[in-house]
Structures are given as structure tokens and as C-alpha cells.
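**Student:** So here's model_10.cif (mmCIF, C-alpha atoms and all ligand atoms).
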data_run
#
loop_
_atom_site.label_atom_id
_atom_site.label_comp_id
_atom_site.auth_asym_id
_atom_site.auth_seq_id
_atom_site.Cartn_x
_atom_site.Cartn_y
_atom_site.Cartn_z
CA MET H 759 19.07 -20.85 6.64
CA ALA H 760 17.38 -18.73 9.31
CA SER H 761 14.44 -20.50 10.90
CA THR H 762 10.93 -19.14 10.43
CA VAL H 763 8.27 -19.39 13.09
CA CYS H 764 4.87 -20.36 11.75
CA PRO H 765 2.13 -17.92 12.81
CA ASP H 766 -0.58 -18.75 15.30
CA PRO H 767 -3.16 -21.25 14.02
CA VAL H 768 -5.10 -19.80 11.14
CA PRO H 769 -8.87 -19.47 11.69
CA THR H 770 -10.76 -22.36 10.09
CA ARG H 771 -12.66 -19.96 7.79
CA MET H 772 -9.30 -19.50 6.06
CA GLY H 773 -9.18 -23.19 5.19
CA GLU H 774 -7.59 -26.22 6.76
CA MET H 775 -4.24 -26.08 5.02
CA ARG H 776 -1.39 -24.70 7.14
CA SER H 777 1.47 -22.69 5.78
CA PRO H 778 4.79 -24.55 5.99
CA ASP H 779 6.95 -24.04 9.08
CA GLN H 780 9.93 -22.79 7.10
CA PRO H 781 8.57 -21.40 3.86
CA ARG H 782 10.89 -20.49 1.05
CA VAL H 783 9.61 -17.47 -0.78
CA ALA H 784 10.23 -16.27 -4.32
CA VAL H 785 9.33 -12.66 -5.10
CA VAL H 786 8.88 -11.87 -8.80
CA GLY H 787 9.53 -8.20 -9.54
CA ALA H 788 12.02 -5.99 -7.70
CA GLY H 789 10.13 -2.69 -7.89
CA ARG H 790 8.81 -0.76 -4.90
CA ALA H 791 6.58 -3.42 -3.33
CA GLY H 792 8.61 -6.46 -4.43
CA LEU H 793 11.89 -5.16 -3.04
CA ALA H 794 10.20 -4.07 0.21
CA VAL H 795 8.54 -7.48 0.68
CA ALA H 796 11.72 -9.41 -0.19
CA LEU H 797 13.79 -7.39 2.28
CA GLY H 798 11.10 -7.59 4.96
CA LEU H 799 10.83 -11.39 4.72
CA SER H 800 14.58 -12.01 4.61
CA SER H 801 15.47 -9.78 7.58
CA GLY H 802 14.67 -9.67 11.28
CA PRO H 803 14.23 -12.49 13.79
CA GLY H 804 11.82 -14.54 11.61
CA ALA H 805 13.89 -14.22 8.44
CA CYS H 806 13.26 -16.86 5.79
CA ASP H 807 14.98 -17.78 2.52
CA VAL H 808 13.90 -15.36 -0.19
CA THR H 809 14.77 -15.35 -3.87
CA LEU H 810 14.07 -12.03 -5.59
CA VAL H 811 13.66 -12.00 -9.37
CA CYS H 812 15.04 -8.68 -10.62
CA ARG H 813 15.29 -8.60 -14.38
CA SER H 814 17.09 -5.24 -14.65
CA ALA H 815 20.88 -5.48 -14.35
CA ASP H 816 21.08 -1.80 -13.33
CA ARG H 817 18.61 -2.22 -10.52
CA ARG H 818 20.30 -5.42 -9.31
CA ALA H 819 23.59 -3.53 -9.12
CA GLN H 820 21.96 -0.66 -7.20
CA ILE H 821 20.39 -3.06 -4.70
CA GLN H 822 23.60 -5.02 -4.28
CA ARG H 823 25.51 -1.87 -3.28
CA HIS H 824 23.70 -2.11 0.06
CA THR H 825 24.25 -4.50 2.95
CA LEU H 826 21.67 -7.21 2.29
CA PRO H 827 20.28 -9.98 4.51
CA GLU H 828 22.17 -13.27 4.17
CA THR H 829 18.98 -15.14 3.36
CA LEU H 830 18.21 -12.95 0.31
CA THR H 831 19.29 -14.16 -3.13
CA ILE H 832 18.79 -11.98 -6.18
CA ILE H 833 18.47 -13.59 -9.60
CA GLN H 834 17.76 -12.32 -13.09
CA THR H 835 15.34 -14.97 -14.29
CA PRO H 836 13.60 -17.86 -12.55
CA SER H 837 14.73 -21.40 -13.35
CA GLN H 838 14.03 -24.95 -12.27
CA ALA H 839 15.94 -24.26 -9.02
CA GLN H 840 13.00 -22.15 -7.86
CA THR H 841 10.62 -25.12 -7.81
CA LEU H 842 11.77 -25.28 -4.16
CA ALA H 843 9.85 -22.09 -3.39
CA ASP H 844 6.74 -22.70 -1.29
CA ILE H 845 5.24 -19.25 -1.84
CA VAL H 846 5.64 -17.21 -5.02
CA ALA H 847 4.75 -13.54 -4.54
CA PHE H 848 4.16 -11.76 -7.85
CA ALA H 849 5.02 -8.08 -7.36
CA THR H 850 4.62 -6.72 -10.88
CA ALA H 851 2.19 -4.02 -11.95
CA ASP H 852 -1.33 -5.46 -12.21
CA ARG H 853 -1.25 -5.42 -16.03
CA ASP H 854 1.85 -7.67 -16.03
CA LEU H 855 0.67 -10.29 -13.52
CA THR H 856 -0.63 -12.88 -15.98
CA LYS H 857 2.47 -12.56 -18.15
CA ALA H 858 4.74 -12.92 -15.11
CA ALA H 859 2.86 -16.04 -13.95
CA THR H 860 3.10 -17.53 -17.44
CA GLN H 861 6.86 -16.80 -17.54
CA TRP H 862 7.24 -18.48 -14.14
CA GLU H 863 5.46 -21.52 -15.49
CA ASN H 864 7.52 -21.61 -18.70
CA SER H 865 10.79 -21.25 -16.79
CA ARG H 866 10.03 -24.59 -15.15
CA ALA H 867 10.10 -22.91 -11.72
CA ALA H 868 6.46 -23.84 -11.18
CA SER H 869 5.27 -26.63 -8.94
CA ASP H 870 1.77 -27.89 -8.16
CA ARG H 871 2.42 -27.55 -4.43
CA GLN H 872 3.34 -23.88 -4.65
CA VAL H 873 1.04 -21.09 -3.56
CA TRP H 874 1.03 -18.13 -5.94
CA LEU H 875 0.09 -14.81 -4.44
CA HIS H 876 0.05 -11.31 -5.85
CA LEU H 877 0.28 -8.03 -3.97
CA SER H 878 -2.47 -6.20 -5.82
CA GLY H 879 -5.55 -4.87 -4.06
CA ALA H 880 -7.51 -4.53 -7.29
CA ALA H 881 -6.69 -7.56 -9.46
CA SER H 882 -8.43 -10.88 -8.91
CA PRO H 883 -6.20 -13.77 -7.84
CA GLU H 884 -7.57 -15.55 -10.92
CA VAL H 885 -5.17 -13.54 -13.12
CA LEU H 886 -2.45 -15.89 -11.82
CA ARG H 887 -4.40 -19.13 -12.42
CA SER H 888 -2.52 -21.56 -14.63
CA GLY H 889 -4.10 -24.07 -16.96
CA SER H 890 -1.34 -26.63 -16.41
CA VAL H 891 -0.04 -26.08 -12.85
CA ALA H 892 -2.31 -26.76 -9.89
CA ALA H 893 -0.79 -24.04 -7.70
CA ALA H 894 -3.31 -22.41 -5.37
CA VAL H 895 -3.74 -18.68 -6.06
CA GLY H 896 -4.40 -15.75 -3.79
CA SER H 897 -3.71 -12.15 -3.05
CA CYS H 898 -2.03 -10.39 -0.15
CA HIS H 899 -2.32 -6.61 -0.50
CA PRO H 900 -0.53 -4.32 1.94
CA LEU H 901 -2.61 -1.18 2.58
CA ALA H 902 0.44 1.04 2.58
CA ALA H 903 2.10 3.55 0.29
CA ILE H 904 5.44 1.90 -0.43
CA PRO H 905 8.10 4.16 -1.93
CA ASP H 906 11.11 2.71 -3.73
CA PRO H 907 13.32 1.47 -0.83
CA LEU H 908 16.39 2.60 -2.81
CA VAL H 909 15.02 6.16 -2.79
CA ALA H 910 13.69 6.03 0.78
CA ALA H 911 17.11 4.86 2.01
CA ARG H 912 18.99 7.78 0.46
CA ASN H 913 19.13 9.76 3.69
CA THR H 914 19.93 6.94 6.11
CA GLY H 915 21.64 4.35 3.90
CA ASP H 916 19.65 1.65 5.75
CA LEU H 917 17.85 -0.16 2.94
CA VAL H 918 16.18 -2.79 5.14
CA ALA H 919 14.77 -0.21 7.56
CA ALA H 920 13.50 1.94 4.68
CA ALA H 921 11.88 -1.11 3.05
CA THR H 922 10.20 -2.53 6.12
CA ALA H 923 8.86 0.69 7.70
CA PRO H 924 5.75 1.08 5.47
CA LEU H 925 4.79 -2.60 5.89
CA ASP H 926 5.18 -2.81 9.65
CA GLY H 927 1.72 -2.48 11.21
CA ALA H 928 -0.08 -2.27 7.84
CA PHE H 929 -3.51 -3.79 7.20
CA PHE H 930 -3.21 -6.61 4.62
CA ALA H 931 -6.22 -7.59 2.50
CA LEU H 932 -6.30 -11.31 1.72
CA ALA H 933 -8.30 -13.16 -0.92
CA GLY H 934 -8.06 -16.37 -2.87
CA ASP H 935 -8.32 -20.16 -2.68
CA ASP H 936 -8.96 -21.64 0.77
CA SER H 937 -5.60 -23.39 0.53
CA ALA H 938 -3.81 -20.11 -0.35
CA LEU H 939 -5.23 -18.02 2.51
CA PRO H 940 -3.04 -19.48 5.30
CA HIS H 941 0.05 -18.65 3.23
CA ALA H 942 -1.19 -15.12 2.58
CA HIS H 943 -1.89 -14.85 6.33
CA TRP H 944 1.66 -16.02 7.08
CA LEU H 945 3.15 -13.55 4.59
CA ALA H 946 1.26 -10.59 6.08
CA THR H 947 2.17 -11.57 9.64
CA ALA H 948 5.82 -12.18 8.76
CA LEU H 949 5.96 -8.61 7.44
CA GLY H 950 4.55 -7.24 10.71
CA GLY H 951 1.12 -6.66 9.21
CA SER H 952 -2.45 -7.32 10.26
CA PRO H 953 -4.21 -9.74 7.85
CA HIS H 954 -7.94 -9.55 7.06
CA VAL H 955 -9.98 -11.34 4.41
CA VAL H 956 -11.72 -8.88 2.04
CA PRO H 957 -14.42 -10.58 -0.08
CA LEU H 958 -13.50 -10.71 -3.76
CA GLY H 959 -16.69 -8.93 -4.88
CA ARG H 960 -15.87 -5.94 -2.65
CA ARG H 961 -12.25 -5.45 -3.62
CA MET H 962 -12.85 -2.43 -5.84
CA ALA H 963 -14.53 -0.58 -2.96
CA TYR H 964 -11.60 -1.54 -0.71
CA HIS H 965 -9.04 -0.49 -3.31
CA GLY H 966 -11.01 2.71 -3.98
CA ALA H 967 -10.52 3.59 -0.30
CA ALA H 968 -6.79 3.02 -0.72
CA ALA H 969 -6.66 5.23 -3.82
CA VAL H 970 -8.66 8.08 -2.28
CA VAL H 971 -6.57 8.22 0.86
CA ALA H 972 -3.09 7.56 -0.54
CA ASN H 973 -3.30 8.97 -4.07
CA ASP H 974 -5.76 11.84 -3.76
CA LEU H 975 -3.66 13.18 -0.91
CA VAL H 976 -0.91 13.80 -3.46
CA ALA H 977 -3.39 15.70 -5.67
CA LEU H 978 -4.39 17.82 -2.64
CA LEU H 979 -0.71 18.64 -2.10
CA ALA H 980 -0.49 19.71 -5.75
CA ILE H 981 -3.48 22.05 -5.27
CA GLY H 982 -1.80 23.42 -2.14
CA GLU H 983 1.42 24.03 -4.07
CA ARG H 984 -0.46 25.97 -6.76
CA LEU H 985 -2.05 28.19 -4.12
CA CYS H 986 1.35 28.75 -2.51
CA ALA H 987 2.70 29.77 -5.93
CA GLN H 988 0.05 32.55 -5.95
CA CYS H 989 1.77 34.03 -2.90
CA GLU H 990 5.21 33.58 -4.44
CA LEU H 991 6.25 30.59 -2.38
CA PRO H 992 8.33 28.40 -4.70
CA SER H 993 7.71 24.67 -4.53
CA ALA H 994 11.15 24.17 -2.94
CA VAL H 995 9.75 26.02 0.09
CA ALA H 996 6.07 25.15 -0.21
CA ARG H 997 6.39 21.38 -0.69
CA PRO H 998 8.23 20.49 2.52
CA ALA H 999 5.99 22.93 4.39
CA LEU H 1000 2.82 21.31 3.03
CA VAL H 1001 4.13 17.78 3.61
CA HIS H 1002 4.82 18.77 7.22
CA LEU H 1003 1.30 20.16 7.46
CA ALA H 1004 -0.19 16.93 6.08
CA ARG H 1005 1.85 14.89 8.54
CA THR H 1006 0.65 17.00 11.49
CA ALA H 1007 -2.95 16.76 10.24
CA LEU H 1008 -2.59 12.95 10.27
CA ASP H 1009 -0.99 13.15 13.71
CA ALA H 1010 -4.00 15.13 14.94
CA VAL H 1011 -6.39 12.49 13.58
CA THR H 1012 -4.21 9.75 15.07
CA ALA H 1013 -4.26 11.41 18.49
CA ALA H 1014 -7.96 12.25 18.61
CA SER H 1015 -9.87 9.92 16.28
CA LEU H 1016 -8.65 6.38 16.77
CA ALA H 1017 -10.07 5.67 20.21
CA PRO H 1018 -13.27 3.56 20.28
CA GLY H 1019 -16.28 5.82 19.78
CA ALA H 1020 -14.20 8.76 18.57
CA SER H 1021 -15.11 10.53 15.32
CA LEU H 1022 -12.84 11.72 12.51
CA ALA H 1023 -14.26 15.15 13.35
CA ASP H 1024 -12.46 14.97 16.71
CA GLY H 1025 -9.13 15.24 14.90
CA LEU H 1026 -10.27 17.97 12.50
CA THR H 1027 -8.81 21.47 12.54
CA GLY H 1028 -9.77 24.42 10.30
CA ALA H 1029 -12.63 26.56 9.08
CA VAL H 1030 -15.44 24.00 8.68
CA GLY H 1031 -15.01 22.65 12.21
CA ARG H 1032 -15.05 26.22 13.57
CA GLY H 1033 -18.09 27.20 11.50
CA ASP H 1034 -16.06 29.99 9.90
CA ALA H 1035 -18.11 30.70 6.75
CA ALA H 1036 -16.25 33.92 5.84
CA THR H 1037 -12.89 32.13 5.72
CA LEU H 1038 -14.37 29.37 3.57
CA THR H 1039 -15.67 31.99 1.12
CA GLY H 1040 -12.16 33.47 0.94
CA HIS H 1041 -10.60 30.07 0.25
CA LEU H 1042 -13.07 29.35 -2.55
CA GLU H 1043 -12.31 32.75 -4.12
CA ALA H 1044 -8.57 32.05 -4.04
CA LEU H 1045 -9.03 28.63 -5.62
CA SER H 1046 -9.82 28.15 -9.29
CA GLY H 1047 -11.36 25.45 -11.48
CA GLY H 1048 -11.03 21.87 -10.29
CA GLY H 1049 -9.35 22.87 -7.04
CA ARG H 1050 -12.38 24.97 -6.06
CA ASP H 1051 -14.81 22.13 -6.82
CA VAL H 1052 -12.69 19.66 -4.86
CA HIS H 1053 -12.52 21.98 -1.83
CA ARG H 1054 -16.25 22.61 -1.99
CA GLN H 1055 -17.12 18.90 -2.13
CA LEU H 1056 -14.64 17.86 0.56
CA SER H 1057 -15.80 20.67 2.85
CA MET H 1058 -19.39 19.40 2.46
CA ILE H 1059 -18.20 15.99 3.68
CA LEU H 1060 -16.41 17.65 6.61
CA LEU H 1061 -19.60 19.54 7.49
CA GLU H 1062 -21.51 16.22 7.62
CA LEU H 1063 -18.84 14.76 9.92
CA VAL H 1064 -18.94 17.79 12.20
CA MET H 1065 -22.75 17.82 12.34
CA ASP H 1066 -22.82 14.07 13.14
CA VAL H 1067 -21.12 14.86 16.44
CA GLY H 1068 -23.09 18.08 17.04
CA GLY H 1069 -19.97 20.18 16.52
CA LEU H 1070 -21.85 23.24 15.15
CA SER H 1071 -25.24 24.82 15.79
CA GLN H 1072 -27.84 24.61 13.00
CA GLU H 1073 -27.34 28.33 12.39
CA GLN H 1074 -23.57 27.98 11.99
CA ALA H 1075 -24.09 25.00 9.67
CA THR H 1076 -26.49 27.05 7.52
CA HIS H 1077 -23.85 29.78 7.09
CA VAL H 1078 -21.19 27.21 6.17
CA ARG H 1079 -23.53 25.51 3.70
CA ARG H 1080 -24.39 28.85 2.07
CA ALA H 1081 -20.69 29.71 1.71
CA LEU H 1082 -20.04 26.33 0.08
CA ASP H 1083 -23.12 26.54 -2.18
CA SER H 1084 -22.44 30.06 -3.43
CA ARG H 1085 -21.36 30.23 -7.09
CA ASP H 1086 -19.41 33.11 -8.58
N1 LIG H 1101 3.99 0.60 -4.28
C1 LIG H 1101 2.96 0.53 -3.48
O1 LIG H 1101 2.70 1.47 -2.69
C2 LIG H 1101 2.12 -0.71 -3.40
C3 LIG H 1101 1.34 -0.92 -2.24
C4 LIG H 1101 0.55 -2.05 -2.16
C5 LIG H 1101 0.51 -2.96 -3.22
N2 LIG H 1101 1.26 -2.73 -4.33
C6 LIG H 1101 1.15 -3.69 -5.43
O2 LIG H 1101 2.42 -4.23 -5.74
C7 LIG H 1101 2.47 -4.53 -7.14
C8 LIG H 1101 3.71 -3.85 -7.72
O3 LIG H 1101 3.58 -2.46 -7.55
P1 LIG H 1101 4.88 -1.53 -7.46
O4 LIG H 1101 4.42 -0.21 -6.98
O5 LIG H 1101 5.94 -2.26 -6.74
O6 LIG H 1101 5.27 -1.43 -9.01
P2 LIG H 1101 6.69 -1.09 -9.65
O7 LIG H 1101 7.50 -0.27 -8.70
O8 LIG H 1101 6.40 -0.56 -11.00
O9 LIG H 1101 7.43 -2.50 -9.78
C9 LIG H 1101 7.02 -3.50 -10.67
C10 LIG H 1101 8.24 -4.32 -10.97
O10 LIG H 1101 7.85 -5.50 -11.63
C11 LIG H 1101 8.87 -5.81 -12.55
N3 LIG H 1101 8.35 -6.76 -13.52
C12 LIG H 1101 7.33 -6.59 -14.39
N4 LIG H 1101 7.13 -7.73 -15.09
C13 LIG H 1101 8.04 -8.62 -14.63
C14 LIG H 1101 8.33 -9.97 -14.95
N5 LIG H 1101 7.63 -10.63 -15.88
N6 LIG H 1101 9.32 -10.60 -14.29
C15 LIG H 1101 10.04 -9.94 -13.35
N7 LIG H 1101 9.81 -8.66 -13.01
C16 LIG H 1101 8.82 -8.02 -13.64
C17 LIG H 1101 9.25 -4.48 -13.13
O11 LIG H 1101 10.51 -4.59 -13.72
P3 LIG H 1101 10.99 -3.55 -14.87
O12 LIG H 1101 11.31 -2.27 -14.13
O13 LIG H 1101 12.18 -4.24 -15.43
O14 LIG H 1101 9.85 -3.39 -15.81
C18 LIG H 1101 9.27 -3.62 -11.86
O15 LIG H 1101 10.52 -3.67 -11.22
C19 LIG H 1101 1.16 -4.03 -7.75
O16 LIG H 1101 0.26 -5.11 -7.84
C20 LIG H 1101 0.66 -3.03 -6.72
O17 LIG H 1101 -0.75 -2.92 -6.71
C21 LIG H 1101 2.07 -1.62 -4.45
#
Write out the structure in this file as C-alpha cells.
Ligand SMILES: NC(=O)c1ccc[n+]([C@@H]2O[C@H](COP(=O)([O-])OP(=O)(O)OC[C@H]3O[C@@H](n4cnc5c(N)ncnc54)[C@H](OP(=O)(O)O)[C@@H]3O)[C@@H](O)[C@H]2O)c1
**Tutor:**
Amino acid sequence: MASTVCPDPVPTRMGEMRSPDQPRVAVVGAGRAGLAVALGLSSGPGACDVTLVCRSADRRAQIQRHTLPETLTIIQTPSQAQTLADIVAFATADRDLTKAATQWENSRAASDRQVWLHLSGAASPEVLRSGSVAAAVGSCHPLAAIPDPLVAARNTGDLVAAATAPLDGAFFALAGDDSALPHAHWLATALGGSPHVVPLGRRMAYHGAAAVVANDLVALLAIGERLCAQCELPSAVARPALVHLARTALDAVTAASLAPGASLADGLTGAVGRGDAATLTGHLEALSGGGRDVHRQLSMILLELVMDVGGLSQEQATHVRRALDSRD
């Protein structure tokens, strides 16, 4: 077995219990996040023993066509052998978490000394709580958009690299029992992430931020594609072009807005930042229905950002506001 280095001492606010030096991890669910986490933990210099529960024979076969880390074992269903796992990471959809935890318990894989974590940013760790097993429960949510590693590896054939890339450097939101937090901290660190405790009562606001940034971006791309269709650009051309544009917009924010004291407005390009009211009016005319409302509302937010850093004169801002307020 490859040895695993325990992370730096966990802050006392995370509880006194330390994660084991050489944890064995079971990951339940071999979808996008589960497969990525299992491959991330079982590869690289700190690789540990990982058992991945993948109930679909087809998917197991697809995964096993790749070169896999030696410390990764894939099984169909958990059994008593998995009582050796120190950490159980439930990587099912949120609606299936309680059922998956109950199945784990009924398969006799459960042990009182285990720590059960899920990867959800929205669900409470309590959804895993068992009435008969004293396992500590927690949550360890990677703030990353994780595609299916099998799909992401299509171009390169390197499944491990495709799986680990989204997790490396990600923020991880931790919650749960005091005795589960050090294990969640270890898991996040072992995946190259940056762990932070997010209070349970605030998780919906935190997860809302994740949804707006990761999911709404896809809706914005869909609006962009519809506009491109108006000028006879088929999606086969428009989609890669718009994805490139989105990537460069993020690069601009990365370059200009991440330094201490910098504003998001510093990385902004486009009509609002330039105070170009006539162009904004043209965009709103080209857009229809929901797309127009979305652009109007988001441009209002951009105007606030720009005005916070004194990026436009009051007169320019008035013109922009009028363009955004005007109804047809
Ligand atoms: N993908 C992301 O970007 C991302 C990012 C951060 C956090 N997460 C979190 O990760 C969790 C999983 O999300 P996902 O995107 O990976 O979902 P997903 O791709 O739909 O994968 C869920 C997997 O769980 C399996 N499963 C369901 N019940 C099971 C059970 N009882 N035993 C074994 N396997 C079971 C499913 O198998 P079948 O296909 O056989 O049904 C499926 O492979 C969610 O809590 C999500 O919030 C996801």
C-alpha cells in the first residue's frame, strides 16, 4: 500500500480528533465527483488505498479500460470487507444519500469508528446519520465543476489527469461533527484543495454562489448561442467560439481582479465598463424575452461594480441606466 502523509495539525476549532496517518477510503458512487475523488486519492505521491463502489457493470468496464492507480479497487457492492475503511465518501446525487448510507449499513460495511462524509454543498451531513452506527458524519464539498472524467479524458486518454484537474486548487467547504472535520480536512488537502469550514446554517447561500457561477454560466452560453443563430452561425461554430470567449473573460478577471484590493470591475471588458449606452440599447433590441431581462439585470449589477470604483462619470452612468431602464 502506498503511504499517506497526514496533513499539518488541524486547527483546534475543527475538533481534537486527528485523521489517521494512513486512511483507507471507500467512495460510494462512481459518477462524476465519485470517480474524480477516487482517482485523485489513489494517485500521486500521497496515494492511499481507495475502494470505489460502482454499481453499473458498463461503467466499471469503461473505467477499467484505462490505466488505473494500483491502490484503487473497484467493486460492485460494499461488503463486510469494507469495514476496514476509515473514511466513507458518499458521492451519490443528494436525493440518494440517505439510501446509500442505509445500504452501506445493511451491507455490514459500516463501523462505529468510520467517518462518513458526503460531497454535497447543499445537503446537511445529517442525511447520513445512522440510528444504529455511531459513525461521525460530515460534508466535504469541492467548489468545482467536475465533468465525467471518462468524457474529459477522451482527447488525452489520461483518466487520472482529467479527474484530478478540477479538484486541484479548489476551495472545499467542510461541515459536520467535530470528530469528522479533521477527516474532511484531510480529504480536501489530499486532493490538492483548500479546506474551509462553512457554517451549516449558511450552506444554501454558499451553494447558491456555486450554482450562479457554475450553472448560470451555461445558461448565458445558451443565450449567446441563440443570438449567434440569428446571424446564421450554427452552434458547431458558435459554441467553441463562445466557450473560448468565456475562458478569456475568466482569464481577464484572473489577471486583473484577484490581487488584494482589486475589484471585479478591473477585469471587466465591454459596453457597461465603457459607458457605451448606445451599444447596450442595441444588445437589448437584439435579445428577446428572458435573455433580455437577464442581460438588463446583470448589466445593472455591472454598473454598480463599475461605479464602486469610480469607473464612469455620473453623466455616463445616467445614460447607461436609461438604456437599461428603457422598455420597448
Ligand atoms: N459534478 C460536480 O461538478 C460536483 C461538484 C461538487 C460536488 N458534487 C457532489 O457530488 C455528488 C455526486 O454528484 P455527481 O455530479 O458526481 O453525480 P452523478 O454523476 O450523477 O453520480 C452519482 C453516482 O452515484 C451513483 N449512485 C447512486 N446511488 C448509489 C448507491 N446507493 N450506491 C452506489 N452508487 C450509487 C450513481 O450510479 P447510477 O449511475 O448507477 O445511478 C452515479 O454513478 C453530489 O452530492 C454533488 O453535489 C458534484
**Student:** Ligand LIG 1101 (chain H): which residues are within 6 Å, counting all atoms listed in the file? Reply as a PyMOL selection string.
**Tutor:** chain H and resi 786-792+811-814+849-852+854+857-858+877-879+899-905
**Student:** Can you tell me which residues surround H:Gly982 at a distance of at most 8 Å, considering all atoms listed in the file, apart from same-chain residues fewer than 4 positions away, and format the answer as a list in words?
**Tutor:** Leu978, Cys986 and Leu1000 of chain H
**Student:** In the coordinate frame of the file, compute which residues have an atom within 12 Å of (5.0, -16.9, -18.4) when using all atoms listed in the file, and state them as a PyMOL selection string.
**Tutor:** chain H and resi 786+835-837+848+854-868+885-891
**Student:** Pick out the closest residue to H:Gly1048 from this set: H:Ser952, H:Ala1020, H:Pro781, H:Arg984. Count all atoms listed in the file.
**Tutor:**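 Selected residue with least distance to H:Gly1048: H:Arg984.
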**Student:** In terms of the shortest atom-to-atom distance over only C-alpha atoms, which of H:Leu1042, H:Leu949, H:Ala880, H:Val1052 is closest to H:Val795?
**Tutor:**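 So, comparing all the options, the nearest one is H:Leu949.
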**Student:** Report, in Å with one decimal, the straight-line distance from atom CA of H:Leu1063 to atom CA of H:Val1030.
**Tutor:**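 So the two atoms, atom CA of H:Leu1063 and atom CA of H:Val1030, lie 9.9 Å apart.
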**Student:** What is the distance between atom CA of H:Ala948 and atom CA of H:Arg871, in Å to one decimal?
**Tutor:**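 Taking atom CA of H:Ala948 as the start and atom CA of H:Arg871 as the end point, the length is 20.5 Å.
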**Student:** Env of H:His1053: 12 Å cut, atoms = all atoms listed in the file, seq-sep filter 4 positions within chain, self excluded. Answer as a ChimeraX atom specification.
**Tutor:** /H:977-978,981-982,1029-1030,1038-1049,1057-1061,1081-1083
**Student:** Taking (2.2, -9.2, 8.3) as a centre in this file's frame and 8 Å as the limit, can you find every polymer residue with an atom that close, using all atoms listed in the file, and give them as a PyMOL selection string?
**Tutor:** chain H and resi 925-930+943-953
**Student:** Which residue, H:Leu939, H:Val970, H:Leu875, H:Leu1022, has the smallest gap to H:Ser897 when you use all atoms listed in the file?
**Tutor:**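 The closest residue to H:Ser897 is H:Leu875.
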**Student:** Determine the nearest neighbour of H:Leu810 from the options H:Gly1028, H:Pro1018, H:Pro940, H:Gly798, counting all atoms listed in the file.
**Tutor:**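 Distance minimum relative to H:Leu810 lands on H:Gly798.
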**Student:** Atom CA of H:Ala968 and atom CA of H:His1002, how far apart in Å?
**Tutor:**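 Distance between the two atoms: 21.1 Å.
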**Student:** Each side padded by 8 Å, which centre and which edge lengths in Å (one decimal) define the axis-aligned box around the listed atoms of stretch 848-861 of chain H? Give them as JSON.
**Tutor:**
{"center_x": 2.8, "center_y": -10.8, "center_z": -12.8, "size_x": 24.2, "size_y": 29.5, "size_z": 26.8}
**Student:** Using only C-alpha atoms, which of the listed residues (H:Val785, H:Val955, H:Ala815, H:Leu826) sits closest to H:Trp874?
**Tutor:** H:Val785
**Student:** Using only C-alpha atoms, can you tell me which of H:Ala1075, H:Val1064, H:Ala919, H:Leu908 comes closest to H:Gln822?
**Tutor:**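 Counting only C-alpha atoms, the residue closest to H:Gln822 is H:Leu908.
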**Student:** Got a sec: who's within 7 Å of H:Ala921, counting all atoms listed in the file, leaving out chain neighbours fewer than 2 positions off, as a list in words?
**Tutor:** Ala794, Leu797, Gly798, Pro907, Leu917, Val918, Ala919, Ala923 and Pro924 of chain H
**Student:** H:Gly915: which residues within 8 Å, counting only C-alpha atoms, same-chain residues fewer than 3 positions away excluded, as a ChimeraX atom specification?
**Tutor:** /H:824,911-912
**Student:** Show me, as a short mmCIF file (atom, residue, chain, number, x, y, z; two decimals) with C-alpha atoms, in the frame of the given file, the residues that have an atom within 12 Å of H:Gly959 when counting only C-alpha atoms, minus same-chain residues fewer than 3 positions from it.
**Tutor:**
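New file part29.cif:
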data_model
loop_
_atom_site.label_atom_id
_atom_site.label_comp_id
_atom_site.auth_asym_id
_atom_site.auth_seq_id
_atom_site.Cartn_x
_atom_site.Cartn_y
_atom_site.Cartn_z
CA GLY H 879 -5.55 -4.87 -4.06
CA ALA H 880 -7.51 -4.53 -7.29
CA ALA H 881 -6.69 -7.56 -9.46
CA SER H 882 -8.43 -10.88 -8.91
CA PRO H 883 -6.20 -13.77 -7.84
CA ALA H 933 -8.30 -13.16 -0.92
CA GLY H 934 -8.06 -16.37 -2.87
CA VAL H 955 -9.98 -11.34 4.41
CA VAL H 956 -11.72 -8.88 2.04
CA MET H 962 -12.85 -2.43 -5.84
CA ALA H 963 -14.53 -0.58 -2.96
CA TYR H 964 -11.60 -1.54 -0.71
CA HIS H 965 -9.04 -0.49 -3.31
#
